[in-house]
>>> print(open('start.cif').read())   # mmCIF, N, CA and C atoms
data_structure
loop_
_atom_site.label_atom_id
_atom_site.label_comp_id
_atom_site.auth_asym_id
_atom_site.auth_seq_id
_atom_site.Cartn_x
_atom_site.Cartn_y
_atom_site.Cartn_z
N MET C 1 10.88 34.82 -4.79
CA MET C 1 11.48 34.09 -5.89
C MET C 1 11.44 32.59 -5.57
N ALA C 2 10.74 31.87 -6.36
CA ALA C 2 10.60 30.43 -6.14
C ALA C 2 11.82 29.71 -6.71
N THR C 3 12.23 28.69 -6.01
CA THR C 3 13.37 27.91 -6.49
C THR C 3 12.85 26.67 -7.20
N ILE C 4 13.70 26.11 -8.03
CA ILE C 4 13.32 24.92 -8.77
C ILE C 4 14.01 23.72 -8.14
N ASN C 5 13.42 22.55 -8.31
CA ASN C 5 13.98 21.37 -7.67
C ASN C 5 15.11 20.78 -8.52
N ARG C 6 15.68 19.66 -8.05
CA ARG C 6 16.86 19.08 -8.67
C ARG C 6 16.59 18.61 -10.10
N LYS C 7 15.46 17.97 -10.33
CA LYS C 7 15.15 17.49 -11.67
C LYS C 7 14.94 18.66 -12.64
N GLU C 8 14.30 19.70 -12.16
CA GLU C 8 14.10 20.87 -13.00
C GLU C 8 15.43 21.56 -13.31
N ARG C 9 16.36 21.56 -12.33
CA ARG C 9 17.69 22.13 -12.58
C ARG C 9 18.44 21.31 -13.63
N LEU C 10 18.31 19.98 -13.58
CA LEU C 10 18.98 19.14 -14.57
C LEU C 10 18.48 19.43 -15.98
N VAL C 11 17.16 19.55 -16.12
CA VAL C 11 16.58 19.82 -17.44
C VAL C 11 16.96 21.22 -17.90
N MET C 12 16.93 22.19 -17.00
CA MET C 12 17.29 23.56 -17.37
C MET C 12 18.76 23.63 -17.76
N ARG C 13 19.63 22.89 -17.08
CA ARG C 13 21.05 22.85 -17.44
C ARG C 13 21.22 22.27 -18.84
N ALA C 14 20.46 21.21 -19.16
CA ALA C 14 20.54 20.61 -20.49
C ALA C 14 20.06 21.58 -21.56
N ILE C 15 18.96 22.28 -21.30
CA ILE C 15 18.44 23.26 -22.25
C ILE C 15 19.43 24.40 -22.42
N TYR C 16 20.02 24.84 -21.33
CA TYR C 16 21.00 25.94 -21.38
C TYR C 16 22.22 25.52 -22.21
N ASP C 17 22.69 24.28 -22.02
CA ASP C 17 23.84 23.80 -22.78
C ASP C 17 23.49 23.63 -24.26
N LEU C 18 22.29 23.16 -24.56
CA LEU C 18 21.89 22.98 -25.95
C LEU C 18 21.66 24.31 -26.66
N ALA C 19 21.22 25.31 -25.94
CA ALA C 19 21.00 26.62 -26.56
C ALA C 19 22.32 27.30 -26.88
N GLN C 20 23.39 26.97 -26.18
CA GLN C 20 24.74 27.46 -26.43
C GLN C 20 24.82 28.98 -26.51
N GLY C 21 24.17 29.66 -25.59
CA GLY C 21 24.26 31.10 -25.52
C GLY C 21 23.38 31.86 -26.50
N LYS C 22 22.61 31.15 -27.30
CA LYS C 22 21.71 31.81 -28.25
C LYS C 22 20.43 32.23 -27.54
N ASP C 23 19.70 33.14 -28.15
CA ASP C 23 18.44 33.58 -27.56
C ASP C 23 17.32 32.57 -27.76
N SER C 24 17.40 31.76 -28.81
CA SER C 24 16.34 30.79 -29.06
C SER C 24 16.94 29.49 -29.57
N ALA C 25 16.17 28.42 -29.39
CA ALA C 25 16.63 27.09 -29.81
C ALA C 25 15.42 26.23 -30.16
N LEU C 26 15.63 25.27 -31.03
CA LEU C 26 14.61 24.30 -31.42
C LEU C 26 15.07 22.95 -30.89
N LEU C 27 14.37 22.43 -29.86
CA LEU C 27 14.82 21.23 -29.16
C LEU C 27 13.70 20.21 -29.07
N SER C 28 14.09 18.95 -29.01
CA SER C 28 13.12 17.87 -28.82
C SER C 28 13.39 17.19 -27.48
N ASP C 29 12.46 16.34 -27.07
CA ASP C 29 12.62 15.60 -25.82
C ASP C 29 13.87 14.73 -25.86
N GLU C 30 14.14 14.10 -27.01
CA GLU C 30 15.29 13.21 -27.14
C GLU C 30 16.60 13.97 -26.97
N GLN C 31 16.69 15.17 -27.54
CA GLN C 31 17.91 15.97 -27.41
C GLN C 31 18.15 16.36 -25.96
N ILE C 32 17.10 16.78 -25.29
CA ILE C 32 17.23 17.19 -23.89
C ILE C 32 17.62 15.99 -23.03
N TYR C 33 16.97 14.85 -23.27
CA TYR C 33 17.25 13.65 -22.47
C TYR C 33 18.67 13.14 -22.70
N SER C 34 19.16 13.25 -23.94
CA SER C 34 20.51 12.77 -24.22
C SER C 34 21.57 13.66 -23.58
N LYS C 35 21.25 14.91 -23.31
CA LYS C 35 22.20 15.84 -22.70
C LYS C 35 22.32 15.65 -21.19
N ILE C 36 21.33 15.01 -20.57
CA ILE C 36 21.35 14.79 -19.12
C ILE C 36 22.31 13.64 -18.81
N LYS C 37 23.22 13.89 -17.89
CA LYS C 37 24.26 12.91 -17.56
C LYS C 37 23.73 11.90 -16.55
N PRO C 38 24.17 10.64 -16.67
CA PRO C 38 23.76 9.64 -15.68
C PRO C 38 24.44 9.87 -14.33
N LYS C 39 23.79 9.45 -13.27
CA LYS C 39 24.30 9.57 -11.90
C LYS C 39 24.48 8.18 -11.32
N ASN C 40 25.30 8.08 -10.29
CA ASN C 40 25.51 6.82 -9.58
C ASN C 40 24.59 6.74 -8.37
N TYR C 41 23.91 5.62 -8.22
CA TYR C 41 23.02 5.38 -7.09
C TYR C 41 23.48 4.12 -6.38
N ILE C 42 23.33 4.09 -5.06
CA ILE C 42 23.68 2.91 -4.29
C ILE C 42 22.68 1.81 -4.61
N LYS C 43 23.17 0.61 -4.79
CA LYS C 43 22.36 -0.49 -5.31
C LYS C 43 21.23 -0.91 -4.38
N PHE C 44 21.41 -0.85 -3.06
CA PHE C 44 20.38 -1.39 -2.18
C PHE C 44 19.18 -0.46 -2.01
N PHE C 45 19.13 0.69 -2.70
CA PHE C 45 17.95 1.54 -2.64
C PHE C 45 16.80 0.98 -3.47
N LYS C 46 17.06 -0.03 -4.29
CA LYS C 46 16.06 -0.67 -5.16
C LYS C 46 15.37 0.38 -6.04
N LYS C 47 16.19 1.23 -6.64
CA LYS C 47 15.70 2.29 -7.51
C LYS C 47 15.28 1.70 -8.86
N LYS C 48 14.16 2.16 -9.38
CA LYS C 48 13.74 1.75 -10.71
C LYS C 48 14.65 2.42 -11.73
N THR C 49 15.01 1.70 -12.77
CA THR C 49 15.89 2.30 -13.78
C THR C 49 15.07 3.19 -14.71
N ASN C 50 15.64 4.33 -15.10
CA ASN C 50 14.96 5.28 -15.96
C ASN C 50 15.38 5.17 -17.41
N SER C 51 16.52 4.57 -17.69
CA SER C 51 16.96 4.46 -19.08
C SER C 51 17.35 3.03 -19.39
N GLN C 52 17.38 2.73 -20.68
CA GLN C 52 17.76 1.40 -21.12
C GLN C 52 19.27 1.18 -20.97
N ASP C 53 20.02 2.28 -20.89
CA ASP C 53 21.47 2.19 -20.81
C ASP C 53 21.99 2.12 -19.38
N ALA C 54 21.11 1.86 -18.42
CA ALA C 54 21.53 1.80 -17.02
C ALA C 54 22.50 0.64 -16.83
N GLN C 55 23.57 0.90 -16.07
CA GLN C 55 24.60 -0.09 -15.83
C GLN C 55 24.63 -0.43 -14.35
N ALA C 56 24.56 -1.73 -14.06
CA ALA C 56 24.60 -2.17 -12.67
C ALA C 56 25.99 -2.68 -12.36
N GLY C 57 26.63 -2.07 -11.39
CA GLY C 57 27.94 -2.52 -10.94
C GLY C 57 27.81 -3.35 -9.68
N LYS C 58 28.91 -3.52 -8.97
CA LYS C 58 28.89 -4.32 -7.75
C LYS C 58 28.10 -3.61 -6.64
N PHE C 59 28.32 -2.31 -6.48
CA PHE C 59 27.65 -1.57 -5.42
C PHE C 59 26.77 -0.43 -5.93
N LEU C 60 27.02 0.01 -7.16
CA LEU C 60 26.32 1.18 -7.68
C LEU C 60 25.57 0.87 -8.96
N ILE C 61 24.53 1.64 -9.20
CA ILE C 61 23.80 1.60 -10.47
C ILE C 61 24.00 2.95 -11.13
N LYS C 62 24.46 2.95 -12.37
CA LYS C 62 24.66 4.20 -13.10
C LYS C 62 23.44 4.39 -14.00
N ASP C 63 22.64 5.41 -13.67
CA ASP C 63 21.37 5.61 -14.35
C ASP C 63 21.06 7.10 -14.42
N LYS C 64 20.18 7.48 -15.34
CA LYS C 64 19.76 8.87 -15.45
C LYS C 64 18.74 9.16 -14.35
N PRO C 65 18.77 10.37 -13.78
CA PRO C 65 17.88 10.66 -12.65
C PRO C 65 16.42 10.89 -13.00
N ILE C 66 16.10 11.10 -14.28
CA ILE C 66 14.71 11.32 -14.68
C ILE C 66 14.37 10.46 -15.88
N THR C 67 13.08 10.27 -16.10
CA THR C 67 12.64 9.53 -17.27
C THR C 67 12.41 10.49 -18.43
N GLN C 68 12.41 9.94 -19.62
CA GLN C 68 12.19 10.78 -20.79
C GLN C 68 10.75 11.29 -20.85
N ASP C 69 9.83 10.54 -20.27
CA ASP C 69 8.42 10.96 -20.26
C ASP C 69 8.19 12.19 -19.38
N SER C 70 9.00 12.37 -18.35
CA SER C 70 8.79 13.49 -17.45
C SER C 70 9.37 14.81 -17.95
N ILE C 71 10.13 14.77 -19.03
CA ILE C 71 10.77 15.99 -19.55
C ILE C 71 9.72 16.99 -20.01
N LYS C 72 8.67 16.51 -20.65
CA LYS C 72 7.63 17.42 -21.15
C LYS C 72 7.02 18.24 -20.02
N ASP C 73 6.68 17.58 -18.92
CA ASP C 73 6.10 18.29 -17.78
C ASP C 73 7.08 19.29 -17.18
N ILE C 74 8.34 18.90 -17.08
CA ILE C 74 9.35 19.77 -16.49
C ILE C 74 9.59 20.99 -17.37
N VAL C 75 9.58 20.80 -18.69
CA VAL C 75 9.76 21.93 -19.60
C VAL C 75 8.62 22.94 -19.43
N TYR C 76 7.40 22.46 -19.27
CA TYR C 76 6.27 23.36 -19.05
C TYR C 76 6.39 24.09 -17.70
N VAL C 77 6.88 23.41 -16.68
CA VAL C 77 7.07 24.05 -15.38
C VAL C 77 8.13 25.14 -15.47
N LEU C 78 9.23 24.86 -16.17
CA LEU C 78 10.28 25.86 -16.33
C LEU C 78 9.80 27.06 -17.13
N SER C 79 8.95 26.80 -18.11
CA SER C 79 8.37 27.90 -18.88
C SER C 79 7.47 28.74 -18.00
N TYR C 80 6.69 28.09 -17.17
CA TYR C 80 5.79 28.80 -16.26
C TYR C 80 6.59 29.60 -15.21
N ALA C 81 7.77 29.09 -14.84
CA ALA C 81 8.62 29.78 -13.87
C ALA C 81 9.33 30.98 -14.47
N GLY C 82 9.27 31.14 -15.79
CA GLY C 82 9.81 32.32 -16.43
C GLY C 82 11.23 32.20 -16.94
N TYR C 83 11.74 30.98 -17.07
CA TYR C 83 13.09 30.81 -17.59
C TYR C 83 13.15 31.00 -19.10
N PHE C 84 12.08 30.67 -19.78
CA PHE C 84 12.01 30.86 -21.22
C PHE C 84 10.55 30.90 -21.66
N GLU C 85 10.36 31.39 -22.88
CA GLU C 85 9.03 31.36 -23.50
C GLU C 85 8.98 30.12 -24.37
N LEU C 86 7.89 29.39 -24.28
CA LEU C 86 7.80 28.09 -24.92
C LEU C 86 6.70 28.08 -25.97
N THR C 87 7.05 27.55 -27.15
CA THR C 87 6.09 27.29 -28.21
C THR C 87 6.35 25.87 -28.70
N THR C 88 5.29 25.11 -28.87
CA THR C 88 5.47 23.75 -29.36
C THR C 88 5.16 23.71 -30.85
N ALA C 89 5.84 22.81 -31.54
CA ALA C 89 5.64 22.63 -32.98
C ALA C 89 5.81 21.15 -33.29
N MET C 90 5.46 20.77 -34.52
CA MET C 90 5.61 19.39 -34.95
C MET C 90 6.69 19.32 -36.03
N ASP C 91 7.60 18.36 -35.89
CA ASP C 91 8.65 18.14 -36.88
C ASP C 91 8.68 16.65 -37.19
N LYS C 92 8.19 16.29 -38.37
CA LYS C 92 8.13 14.88 -38.79
C LYS C 92 7.38 14.04 -37.75
N ASP C 93 6.21 14.48 -37.39
CA ASP C 93 5.32 13.80 -36.45
C ASP C 93 5.89 13.66 -35.04
N LYS C 94 6.87 14.47 -34.70
CA LYS C 94 7.41 14.48 -33.34
C LYS C 94 7.30 15.90 -32.81
N PRO C 95 6.86 16.04 -31.57
CA PRO C 95 6.77 17.40 -31.00
C PRO C 95 8.17 17.95 -30.68
N VAL C 96 8.37 19.21 -31.01
CA VAL C 96 9.60 19.92 -30.67
C VAL C 96 9.23 21.21 -29.95
N TYR C 97 10.18 21.74 -29.22
CA TYR C 97 9.95 22.96 -28.46
C TYR C 97 10.75 24.09 -29.09
N VAL C 98 10.09 25.21 -29.31
CA VAL C 98 10.77 26.43 -29.72
C VAL C 98 10.95 27.23 -28.43
N ILE C 99 12.19 27.36 -28.01
CA ILE C 99 12.50 27.97 -26.71
C ILE C 99 13.16 29.31 -26.94
N ASP C 100 12.55 30.37 -26.41
CA ASP C 100 13.13 31.71 -26.43
C ASP C 100 13.53 32.07 -25.01
N MET C 101 14.83 32.15 -24.78
CA MET C 101 15.34 32.41 -23.43
C MET C 101 14.99 33.82 -22.96
N THR C 102 14.57 33.91 -21.70
CA THR C 102 14.36 35.22 -21.08
C THR C 102 15.63 35.57 -20.30
N ASP C 103 15.62 36.73 -19.67
CA ASP C 103 16.79 37.14 -18.88
C ASP C 103 17.06 36.17 -17.74
N LYS C 104 16.00 35.66 -17.14
CA LYS C 104 16.14 34.69 -16.05
C LYS C 104 16.81 33.41 -16.56
N GLY C 105 16.46 32.97 -17.77
CA GLY C 105 17.06 31.78 -18.35
C GLY C 105 18.51 31.99 -18.74
N LYS C 106 18.82 33.21 -19.24
CA LYS C 106 20.20 33.51 -19.62
C LYS C 106 21.11 33.58 -18.40
N ASN C 107 20.56 33.97 -17.26
CA ASN C 107 21.34 34.09 -16.03
C ASN C 107 21.33 32.82 -15.19
N PHE C 108 20.84 31.73 -15.73
CA PHE C 108 20.69 30.48 -14.99
C PHE C 108 22.02 29.99 -14.43
N LEU C 109 23.06 30.01 -15.24
CA LEU C 109 24.36 29.50 -14.81
C LEU C 109 24.92 30.33 -13.66
N ARG C 110 24.79 31.63 -13.73
CA ARG C 110 25.27 32.50 -12.66
C ARG C 110 24.46 32.26 -11.38
N ASP C 111 23.15 32.08 -11.51
CA ASP C 111 22.32 31.81 -10.34
C ASP C 111 22.69 30.48 -9.69
N GLU C 112 23.04 29.49 -10.50
CA GLU C 112 23.46 28.20 -9.95
C GLU C 112 24.78 28.33 -9.19
N ARG C 113 25.73 29.09 -9.73
CA ARG C 113 26.99 29.32 -9.02
C ARG C 113 26.74 30.03 -7.69
N ASP C 114 25.86 31.02 -7.71
CA ASP C 114 25.54 31.75 -6.48
C ASP C 114 24.86 30.84 -5.45
N ARG C 115 23.98 29.95 -5.92
CA ARG C 115 23.29 29.03 -5.02
C ARG C 115 24.29 28.08 -4.35
N LYS C 116 25.24 27.54 -5.14
CA LYS C 116 26.24 26.64 -4.58
C LYS C 116 27.17 27.38 -3.62
N LYS C 117 27.52 28.61 -3.97
CA LYS C 117 28.38 29.41 -3.10
C LYS C 117 27.70 29.67 -1.77
N ASN C 118 26.39 29.95 -1.79
CA ASN C 118 25.66 30.18 -0.55
C ASN C 118 25.58 28.93 0.30
N ILE C 119 25.43 27.77 -0.34
CA ILE C 119 25.39 26.51 0.40
C ILE C 119 26.73 26.25 1.08
N TYR C 120 27.84 26.44 0.34
CA TYR C 120 29.17 26.24 0.93
C TYR C 120 29.43 27.22 2.06
N LEU C 121 28.97 28.46 1.89
CA LEU C 121 29.14 29.46 2.94
C LEU C 121 28.37 29.08 4.19
N LEU C 122 27.16 28.58 4.03
CA LEU C 122 26.34 28.17 5.16
C LEU C 122 26.97 26.99 5.91
N ILE C 123 27.48 26.02 5.16
CA ILE C 123 28.12 24.85 5.79
C ILE C 123 29.39 25.26 6.53
N SER C 124 30.22 26.09 5.89
CA SER C 124 31.48 26.49 6.54
C SER C 124 31.21 27.36 7.77
N ARG C 125 30.19 28.20 7.71
CA ARG C 125 29.85 29.02 8.87
C ARG C 125 29.37 28.14 10.03
N THR C 126 28.59 27.12 9.72
CA THR C 126 28.09 26.21 10.75
C THR C 126 29.24 25.45 11.40
N VAL C 127 30.18 24.97 10.60
CA VAL C 127 31.34 24.25 11.14
C VAL C 127 32.19 25.18 11.99
N ALA C 128 32.41 26.41 11.51
CA ALA C 128 33.22 27.37 12.27
C ALA C 128 32.58 27.70 13.61
N LEU C 129 31.27 27.87 13.63
CA LEU C 129 30.59 28.15 14.91
C LEU C 129 30.64 26.96 15.85
N ALA C 130 30.57 25.75 15.30
CA ALA C 130 30.67 24.56 16.15
C ALA C 130 32.06 24.46 16.78
N VAL C 131 33.10 24.72 16.00
CA VAL C 131 34.47 24.68 16.52
C VAL C 131 34.66 25.78 17.57
N LEU C 132 34.15 26.96 17.28
CA LEU C 132 34.27 28.07 18.23
C LEU C 132 33.55 27.77 19.54
N SER C 133 32.37 27.21 19.48
CA SER C 133 31.65 26.88 20.71
C SER C 133 32.36 25.79 21.50
N PHE C 134 32.98 24.83 20.79
CA PHE C 134 33.76 23.80 21.47
C PHE C 134 34.95 24.42 22.19
N LEU C 135 35.65 25.34 21.53
CA LEU C 135 36.81 25.99 22.15
C LEU C 135 36.41 26.83 23.36
N VAL C 136 35.31 27.56 23.25
CA VAL C 136 34.84 28.37 24.37
C VAL C 136 34.47 27.47 25.55
N THR C 137 33.84 26.34 25.27
CA THR C 137 33.49 25.39 26.33
C THR C 137 34.74 24.86 27.02
N MET C 138 35.75 24.51 26.24
CA MET C 138 36.99 23.97 26.82
C MET C 138 37.71 25.04 27.65
N ILE C 139 37.71 26.28 27.18
CA ILE C 139 38.36 27.37 27.92
C ILE C 139 37.63 27.62 29.24
N LEU C 140 36.30 27.65 29.19
CA LEU C 140 35.53 27.87 30.41
C LEU C 140 35.70 26.73 31.40
N LYS C 141 35.80 25.50 30.94
CA LYS C 141 36.03 24.36 31.84
C LYS C 141 37.40 24.48 32.48
N ALA C 142 38.39 24.91 31.71
CA ALA C 142 39.74 25.05 32.26
C ALA C 142 39.80 26.17 33.29
N ILE C 143 39.08 27.26 33.05
CA ILE C 143 39.09 28.40 33.97
C ILE C 143 38.32 28.05 35.25
N LEU C 144 37.19 27.41 35.12
CA LEU C 144 36.32 27.15 36.27
C LEU C 144 36.70 25.92 37.08
N SER C 145 37.59 25.10 36.59
CA SER C 145 37.93 23.90 37.35
C SER C 145 39.22 24.07 38.13
#
>>> encode(input="start.cif", output="structure tokens")
Amino acid sequence: MATINRKERLVMRAIYDLAQGKDSALLSDEQIYSKIKPKNYIKFFKKKTNSQDAQAGKFLIKDKPITQDSIKDIVYVLSYAGYFELTTAMDKDKPVYVIDMTDKGKNFLRDERDRKKNIYLLISRTVALAVLSFLVTMILKAILS
């Protein structure tokens, strides 16, 4: 089972939210892009801004993580990954996507929760083993000295 990267997860989350639990949806690039929330980036990374609404603060830049031009490619990748069946159409000279969710797409939210739970479990297990090894080391030093 191949995993999708962060940008693909953001677009899939936007499509999932716009579909609102329905089996199919008619979406455009603008709708998907408007649903993606801006993120905060540290200013000294010299990140290129992706949206016109990017706000520069004292230390942070609030900007969207992807460009609107890259949404088309990401939608095709998600379709190829089996999250939904994709058909393109034209609506007033603008391309729109007819998206039919598959079972994998309908279970996206649950898979995301499971992925985060596994990450938290891995981190907590690593910390617990580090603390345990520290305690064993201290006990052995106390016994052997």
>>> resolve_selection(input="start.cif", expression="the PyMOL selection byres ((chain C and resi 63) around 5)", output="list in words")
Pro38, Lys39, Ala54, Ile61, Lys62, Lys64 and Pro65 of chain C
>>> resolve_selection(input="start.cif", expression="the PyMOL selection byres (((chain C and resi 27 and name CA) around 9) and name CA)", output="PyMOL selection string")
chain C and resi 15+18-19+25-26+28-32+96-99
>>> atom_distance(input="start.cif", atom1="atom CA of Met12 of chain C", atom2="atom N of Lys92 of chain C")
24.0 Å
>>> closest_residue(input="start.cif", among="C:Ile74, C:Ala81, C:Ile42, C:Leu135", to="Ala14 of chain C", atoms="only C-alpha atoms")
C:Ile74
>>> atom_distance(input="start.cif", atom1="atom N of Phe84 of chain C", atom2="atom N of Asn5 of chain C")
14.1 Å
>>> atom_distance(input="start.cif", atom1="atom CA of Gly105 of chain C", atom2="atom CA of Asp91 of chain C")
24.5 Å
>>> axis_aligned_box(input="start.cif", around="segment 66-70 of chain C", padding_each_side="8 Å", output="AutoDock Vina command-line options")
--center_x 12.1 --center_y 12.2 --center_z -17.6 --size_x 23.9 --size_y 21.3 --size_z 22.6
>>> residues_around(input="start.cif", residues="segment 107-113 of chain C", least_positions_apart="5", cutoff="9 Å", atoms="only C-alpha atoms", output="list in words")
Arg9, Met12, Arg13, Tyr16, Tyr83, Thr102 and Asn118 of chain C
